Structures are given as structure tokens and as C-alpha cells.
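Colleague: Dropping the structure in here first, questions after.
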Amino acid sequence: MQTNSIAAVARTLKEADSILISGHVMPDGDSIGSTIALGLALGKIDKNVAMTSPHQVPDIYKFLPGSNCVQQGMPEGKFDVFVALDCSVPDRLGDELQSLVNDSVTVVNIDHHQSEKPFADVNYIDSNSASTGEIIYDLLKEMNIELDKNIATNLYTAIASDTGSFKYEGTKPTTHHKIADLLQFDVKVAHVSKSIFDEKPIEVFKVLQIALPTLEVSNCGKVAWISFDLMAKDRISAKDEHTEELVDYPRRIKGVEVALFFREISTGSVKVSMRSNYFVDVNKLAARFNGGGHKRAAGCLIDGGISDVREQIVAAAIEAVQRGSLND
């Protein structure tokens, strides 16, 4: 196993003929933008490339050039190399695609999430990068593949979405240096920003209407949470993408350190999104429940009823806040 070598990743891709690329389940802008950017770039050097995703491309990202080429699930055919993007663990690939991890195909993992056990044959994990899109930018420079407007637009979207439009603390000077280079390729910044941050389908507001009354704050005022159960989701035919921003509402409450969003994705299964503002490492909090992510943004998937899961996670979050406050 080769770990943290972008040169090894570049060499593996150059030596391959057929390459399959995928991001993670419930894809976000970084996952989709990175997938398309890498796929388009490898196509420029005459590789046979297939781009896929465990779940369909969210409507919000269908404006991206090349999004119509992203399949869903396991494509037909044989591949020399399978590239997993933005996935800290194989489970993030979904049931179908994670089966490739133990197959005869060479697996490459490119990610910016902290990982104790890289799972691929060739890995490049850079937790100092604010997004996987930044790593793909570095990889294309390593491979001497020229950027163009379509690749740049996808990379810009990947980086902008995972940095919260450059407002999260993971944003570094190098992030802006890369963005400055991408803008030379006539990326339509206003259009991208409006598409991913401003324009929302009516379902987003219907979700918000149902979810906001569930907002609760702990007695200490440091932990706040919001919930969305399966019954509510089915009632308004909401998609996963319509709930992505709900965790930001408890996070914005003055005095709150940890914000939580509980979403029932199926009977007996709850996805928990975690955010922190200043000092709690929610990556460590999520790890207690077999999840992960970053210091300020993480999550996990837990089996159980939403009420039981909520009680368990809220208690752990309050404990983390109290422990962090003592060390502050």
C-alpha cells in the first residue's frame, strides 16, 4: 500500500487505459465537481473514462459541464483503475461500488478527510486541503494536464462548495491561489454562486417550514439541534439534497458551539450532521459513532430510532462541549 504520494497517483493513472471515477453517497459539490473535473481531464489524455456516483447528481449541480456524463451505480465494463474521491472509508462508496475495493482492480483513493486506515492500493490523503477539488487541481498540475473552462468550472464549484464560499477556517492562502488560477479560464463565478448558494427549489423551503419547529437548545445553551423524520420527508417528497443546509440554522444561534441535524433516511437509520463553531472537534465526536469528517464539520450514520439516536448524540455533544470548555 502506498500512502500520501500524489506522484504515485499520477503514475498509476498515466499507466492505466480504462478508469472508473466515483465520489461518495449523497454527493455534494466537492464530490461531483471533483469527479467530473478529473474525468474530463483524463479524457484529454486519451484515457477511457467512466464517471459514476452511488446516488444521482443532485439537481443543484446539473448545471455543471459534464454532469450529464455521470452515471449512477456500477457501470458496465472492466476497468484497470477505480478512483474513489472524497471518501474516508469504503462505506462512503455505497454497497455496489465499495465491492471494487476488494476486487482485482487497482484502487486509488484521493481525499482530504482524516483517515487512520487508508483503504486503497494507492492513496493520497491531504487533510490540510480544504477540499478534494484542491487536490485534483494539484494532481492535474502533477500530470501536466492543461486546464480548460469546463474543468476549471467543476474545480471552482468543488472548492467553493466545500469551503462554504471560502468562509470556513480550512480556507488557506493556497486555496485562493488556486482559485485565482481557475478564474483565468473564464469561470462564470456569479452563475456558479447563484446556482449553488442562492437559487433553491421550493422543496427546500417546505423542508425548512417543517424542520424549524423541531429546533431545540440545550440548557447550557452550547448545543442546538434540528430534526427531520422519514414521515415528513415522504409527505413533501423531499430529496436528500433539500435538507443539506438545515444544520446551519442551529449553528448560527449566538452562543452555540455544537450544532446537530438528525435526518431519518430509512426506518431504523439516522444520519447525523455535526458542526462546531470554535473549539469542539466534531471529527472526534463523530468517530465515537463510527463516523468522521473534519474538526468543524463531520457526521455519522447510526442504526436506531430518531428519538433514541438524538438523545445519545446530544448527550455526547454536551459532554464534548463541557470537556472542551475546561480545556479552553
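We name chains A, B, ... following the order of the C-alpha cells; residues begin at 1 in each chain, and ligands are numbered from 1 as shown.
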Considering only C-alpha atoms, return as an MDAnalysis selection string whatever protein or nucleic-acid residues lie within 12 Å of segment 18-21 of chain A, sequence-local ones (same chain, fewer than 2 positions apart) excluded.

Modeller: chainID A and resid 12:16 23:24 31:43 45:54 69:87 93 97 100 105:110

Colleague: Among segment 73-303 of chain A, which ones does DSSP place in strand (DSSP E), written as a ChimeraX atom specification?

Modeller: /A:81-85,106-111,122-125,216-217,223-228,258-266,269-276,292-293,297-303

Colleague: For Gln114 of chain A, list every protein, DNA or RNA residue within 9 Å, evaluated using only C-alpha atoms, and leave out those in the same chain fewer than 4 positions away; present the list as a list in words.

Modeller: Ser88, Ile125, Asp126, Ser127, Asn283, Gly292, Gly293 and His294 of chain A

Colleague: Select, from A:Val207, A:Ile253, A:Val272, A:Ala152, the residue with the minimum atom-to-atom distance to Ala180 of chain A, counting only C-alpha atoms.

Modeller: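 Of the candidates, the smallest distance to Ala180 of chain A is held by A:Ala152.
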
Colleague: Could you please determine the separation between atom CA of Asp308 of chain A and atom CA of Val270 of chain A in Å, to one decimal place?

Modeller: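 Spanning atom CA of Asp308 of chain A to atom CA of Val270 of chain A is a straight-line distance of 10.0 Å.
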
Colleague: Grab the atom CA of Glu203 of chain A to atom CA of Ser131 of chain A distance for me, in Å with one decimal place.

Modeller: 27.5 Å

Colleague: Would you kindly return, as a list in words, each protein, DNA or RNA residue with an atom no farther than 7 Å from any atom of Ser273 of chain A, considering only C-alpha atoms and excluding same-chain residues fewer than 4 positions away?

Modeller: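 Neighbouring residues, sequence-local ones excluded: Val247, Leu260, Phe261, Phe262, Ala298, Gly299 and Cys300 of chain A.
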
Colleague: Produce a file of the selected residues containing all heavy atoms, as a PDB file, in the first residue's frame.

Modeller:
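selection.pdb, freshly written:
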```
ATOM      1  N   VAL A 247     -28.498  22.013   8.998  1.00  0.00           N
ATOM      2  CA  VAL A 247     -27.591  22.053  10.150  1.00  0.00           C
ATOM      3  C   VAL A 247     -27.043  23.455  10.404  1.00  0.00           C
ATOM      4  O   VAL A 247     -26.622  23.785  11.518  1.00  0.00           O
ATOM      5  CB  VAL A 247     -26.436  21.043   9.968  1.00  0.00           C
ATOM      6  CG1 VAL A 247     -25.465  21.508   8.874  1.00  0.00           C
ATOM      7  CG2 VAL A 247     -25.704  20.793  11.272  1.00  0.00           C
ATOM      8  N   LEU A 260     -26.332  20.204  15.569  1.00  0.00           N
ATOM      9  CA  LEU A 260     -26.607  18.845  15.119  1.00  0.00           C
ATOM     10  C   LEU A 260     -27.854  18.830  14.245  1.00  0.00           C
ATOM     11  O   LEU A 260     -28.810  19.559  14.501  1.00  0.00           O
ATOM     12  CB  LEU A 260     -26.832  17.921  16.315  1.00  0.00           C
ATOM     13  CG  LEU A 260     -25.726  17.863  17.366  1.00  0.00           C
ATOM     14  CD1 LEU A 260     -26.233  17.178  18.627  1.00  0.00           C
ATOM     15  CD2 LEU A 260     -24.498  17.137  16.811  1.00  0.00           C
ATOM     16  N   PHE A 261     -27.822  17.992  13.232  1.00  0.00           N
ATOM     17  CA  PHE A 261     -29.001  17.775  12.399  1.00  0.00           C
ATOM     18  C   PHE A 261     -29.240  16.278  12.307  1.00  0.00           C
ATOM     19  O   PHE A 261     -28.370  15.509  11.877  1.00  0.00           O
ATOM     20  CB  PHE A 261     -28.798  18.374  11.009  1.00  0.00           C
ATOM     21  CG  PHE A 261     -29.855  17.984  10.010  1.00  0.00           C
ATOM     22  CD1 PHE A 261     -31.200  17.975  10.364  1.00  0.00           C
ATOM     23  CD2 PHE A 261     -29.513  17.646   8.713  1.00  0.00           C
ATOM     24  CE1 PHE A 261     -32.177  17.615   9.453  1.00  0.00           C
ATOM     25  CE2 PHE A 261     -30.480  17.285   7.792  1.00  0.00           C
ATOM     26  CZ  PHE A 261     -31.819  17.272   8.163  1.00  0.00           C
ATOM     27  N   PHE A 262     -30.436  15.857  12.720  1.00  0.00           N
ATOM     28  CA  PHE A 262     -30.809  14.439  12.708  1.00  0.00           C
ATOM     29  C   PHE A 262     -31.784  14.206  11.563  1.00  0.00           C
ATOM     30  O   PHE A 262     -32.870  14.782  11.538  1.00  0.00           O
ATOM     31  CB  PHE A 262     -31.457  14.049  14.033  1.00  0.00           C
ATOM     32  CG  PHE A 262     -30.553  14.243  15.217  1.00  0.00           C
ATOM     33  CD1 PHE A 262     -30.594  15.423  15.953  1.00  0.00           C
ATOM     34  CD2 PHE A 262     -29.651  13.259  15.589  1.00  0.00           C
ATOM     35  CE1 PHE A 262     -29.761  15.615  17.041  1.00  0.00           C
ATOM     36  CE2 PHE A 262     -28.805  13.445  16.673  1.00  0.00           C
ATOM     37  CZ  PHE A 262     -28.856  14.619  17.402  1.00  0.00           C
ATOM     38  N   ALA A 298     -18.547  17.262  10.509  1.00  0.00           N
ATOM     39  CA  ALA A 298     -18.430  15.805  10.476  1.00  0.00           C
ATOM     40  C   ALA A 298     -19.819  15.190  10.506  1.00  0.00           C
ATOM     41  O   ALA A 298     -20.834  15.898  10.535  1.00  0.00           O
ATOM     42  CB  ALA A 298     -17.589  15.316  11.659  1.00  0.00           C
ATOM     43  N   GLY A 299     -19.867  13.878  10.503  1.00  0.00           N
ATOM     44  CA  GLY A 299     -21.157  13.214  10.540  1.00  0.00           C
ATOM     45  C   GLY A 299     -21.016  11.727  10.750  1.00  0.00           C
ATOM     46  O   GLY A 299     -19.911  11.171  10.754  1.00  0.00           O
ATOM     47  N   CYS A 300     -22.152  11.080  10.945  1.00  0.00           N
ATOM     48  CA  CYS A 300     -22.160   9.637  11.132  1.00  0.00           C
ATOM     49  C   CYS A 300     -23.536   9.091  10.761  1.00  0.00           C
ATOM     50  O   CYS A 300     -24.509   9.846  10.639  1.00  0.00           O
ATOM     51  CB  CYS A 300     -21.800   9.258  12.566  1.00  0.00           C
ATOM     52  SG  CYS A 300     -22.884   9.979  13.819  1.00  0.00           S
TER      53      CYS A 300
END
```

Colleague: Just the number, please: distance in Å from atom CA of Glu241 of chain A to atom CA of Met26 of chain A, one decimal.

Modeller: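 It comes out at 7.6 Å.
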
Colleague: Would you kindly return, as a PyMOL selection string, each protein, DNA or RNA residue with an atom no farther than 9 Å from any atom of Gly221 of chain A, considering only C-alpha atoms and excluding same-chain residues fewer than 5 positions away?

Modeller: chain A and resi 254-257

Colleague: I'd like to know which of A:Val192, A:Leu230, A:Ile151, A:Val258 is closest to Val314 of chain A, using only C-alpha atoms.

Modeller: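 Among A:Val192, A:Leu230, A:Ile151, A:Val258, it is A:Val258 that comes nearest to Val314 of chain A.
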
Colleague: Using only C-alpha atoms, find the one residue out of A:Gln184, A:Thr267, A:Gln56, A:Ser104 that sits nearest to Leu147 of chain A.

Modeller: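 Going through A:Gln184, A:Thr267, A:Gln56, A:Ser104 one by one, the smallest distance to Leu147 of chain A is for A:Gln184.
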
Colleague: Ranking A:Ala158, A:Ile313, A:Ala232, A:Met274 by minimum distance to Phe289 of chain A and counting only C-alpha atoms, which one comes first?

Modeller: A:Ile313

Colleague: Where does DSSP see helix (DSSP H, G or I) in segment 48-138 of chain A, if you list the residues as a PDB file with C-alpha atoms, in the first residue's frame?

Modeller:
```pdb
ATOM      1  CA  ASP A  59     -30.373  18.912  -9.345  1.00  0.00           C
ATOM      2  CA  ILE A  60     -28.366  21.785  -7.872  1.00  0.00           C
ATOM      3  CA  TYR A  61     -25.221  20.556  -9.675  1.00  0.00           C
ATOM      4  CA  SER A  67     -22.745  16.350 -15.301  1.00  0.00           C
ATOM      5  CA  ASN A  68     -24.805  14.513 -17.925  1.00  0.00           C
ATOM      6  CA  CYS A  69     -21.929  12.037 -18.275  1.00  0.00           C
ATOM      7  CA  PRO A  90     -15.194   2.339   1.709  1.00  0.00           C
ATOM      8  CA  ASP A  91     -18.734   2.524   3.137  1.00  0.00           C
ATOM      9  CA  ARG A  92     -18.994   6.031   1.680  1.00  0.00           C
ATOM     10  CA  LEU A  93     -18.982   4.462  -1.793  1.00  0.00           C
ATOM     11  CA  GLY A  94     -22.275   2.656  -1.261  1.00  0.00           C
ATOM     12  CA  ASP A  95     -22.910  -1.083  -1.446  1.00  0.00           C
ATOM     13  CA  GLU A  96     -22.266  -1.566  -5.162  1.00  0.00           C
ATOM     14  CA  LEU A  97     -19.115   0.439  -5.677  1.00  0.00           C
ATOM     15  CA  GLN A  98     -17.355  -0.493  -2.447  1.00  0.00           C
ATOM     16  CA  SER A  99     -17.251  -4.095  -3.711  1.00  0.00           C
ATOM     17  CA  LEU A 100     -14.494  -2.901  -6.076  1.00  0.00           C
ATOM     18  CA  VAL A 101     -12.204  -2.249  -3.101  1.00  0.00           C
ATOM     19  CA  ASN A 102     -11.687  -5.985  -2.697  1.00  0.00           C
ATOM     20  CA  THR A 132     -10.822  17.272  -2.628  1.00  0.00           C
ATOM     21  CA  GLY A 133     -11.167  19.711  -5.525  1.00  0.00           C
ATOM     22  CA  GLU A 134      -7.930  21.371  -4.428  1.00  0.00           C
ATOM     23  CA  ILE A 135      -6.160  18.004  -4.511  1.00  0.00           C
ATOM     24  CA  ILE A 136      -7.474  17.275  -8.011  1.00  0.00           C
ATOM     25  CA  TYR A 137      -6.102  20.666  -9.081  1.00  0.00           C
ATOM     26  CA  ASP A 138      -2.672  19.640  -7.699  1.00  0.00           C
TER      27      ASP A 138
END
```

Colleague: Excluding same-chain residues fewer than 6 positions from Lys167 of chain A, what lies within 12 Å of it counting only C-alpha atoms, as an mmCIF file with N, CA, C and O atoms, in the first residue's frame?

Modeller:
```cif
data_model
loop_
_atom_site.group_PDB
_atom_site.id
_atom_site.type_symbol
_atom_site.label_atom_id
_atom_site.label_comp_id
_atom_site.auth_asym_id
_atom_site.auth_seq_id
_atom_site.Cartn_x
_atom_site.Cartn_y
_atom_site.Cartn_z
ATOM 1 N N ALA A 130 -8.538 22.128 1.849
ATOM 2 C CA ALA A 130 -9.901 22.483 2.238
ATOM 3 C C ALA A 130 -10.945 21.680 1.484
ATOM 4 O O ALA A 130 -12.107 21.650 1.875
ATOM 5 N N ILE A 159 -14.377 23.433 -4.884
ATOM 6 C CA ILE A 159 -13.682 24.163 -3.821
ATOM 7 C C ILE A 159 -14.615 25.159 -3.136
ATOM 8 O O ILE A 159 -14.644 25.250 -1.899
ATOM 9 N N ALA A 160 -15.390 25.890 -3.924
ATOM 10 C CA ALA A 160 -16.293 26.891 -3.341
ATOM 11 C C ALA A 160 -17.331 26.243 -2.438
ATOM 12 O O ALA A 160 -17.647 26.754 -1.352
ATOM 13 N N SER A 161 -17.876 25.111 -2.865
ATOM 14 C CA SER A 161 -18.932 24.476 -2.080
ATOM 15 C C SER A 161 -18.400 23.903 -0.772
ATOM 16 O O SER A 161 -19.057 24.000 0.265
ATOM 17 N N THR A 175 -5.568 28.053 -1.139
ATOM 18 C CA THR A 175 -6.907 27.909 -1.724
ATOM 19 C C THR A 175 -7.185 29.051 -2.691
ATOM 20 O O THR A 175 -7.622 28.842 -3.833
ATOM 21 N N HIS A 176 -6.914 30.258 -2.265
ATOM 22 C CA HIS A 176 -7.176 31.428 -3.102
ATOM 23 C C HIS A 176 -6.220 31.501 -4.289
ATOM 24 O O HIS A 176 -6.598 31.977 -5.364
#
```
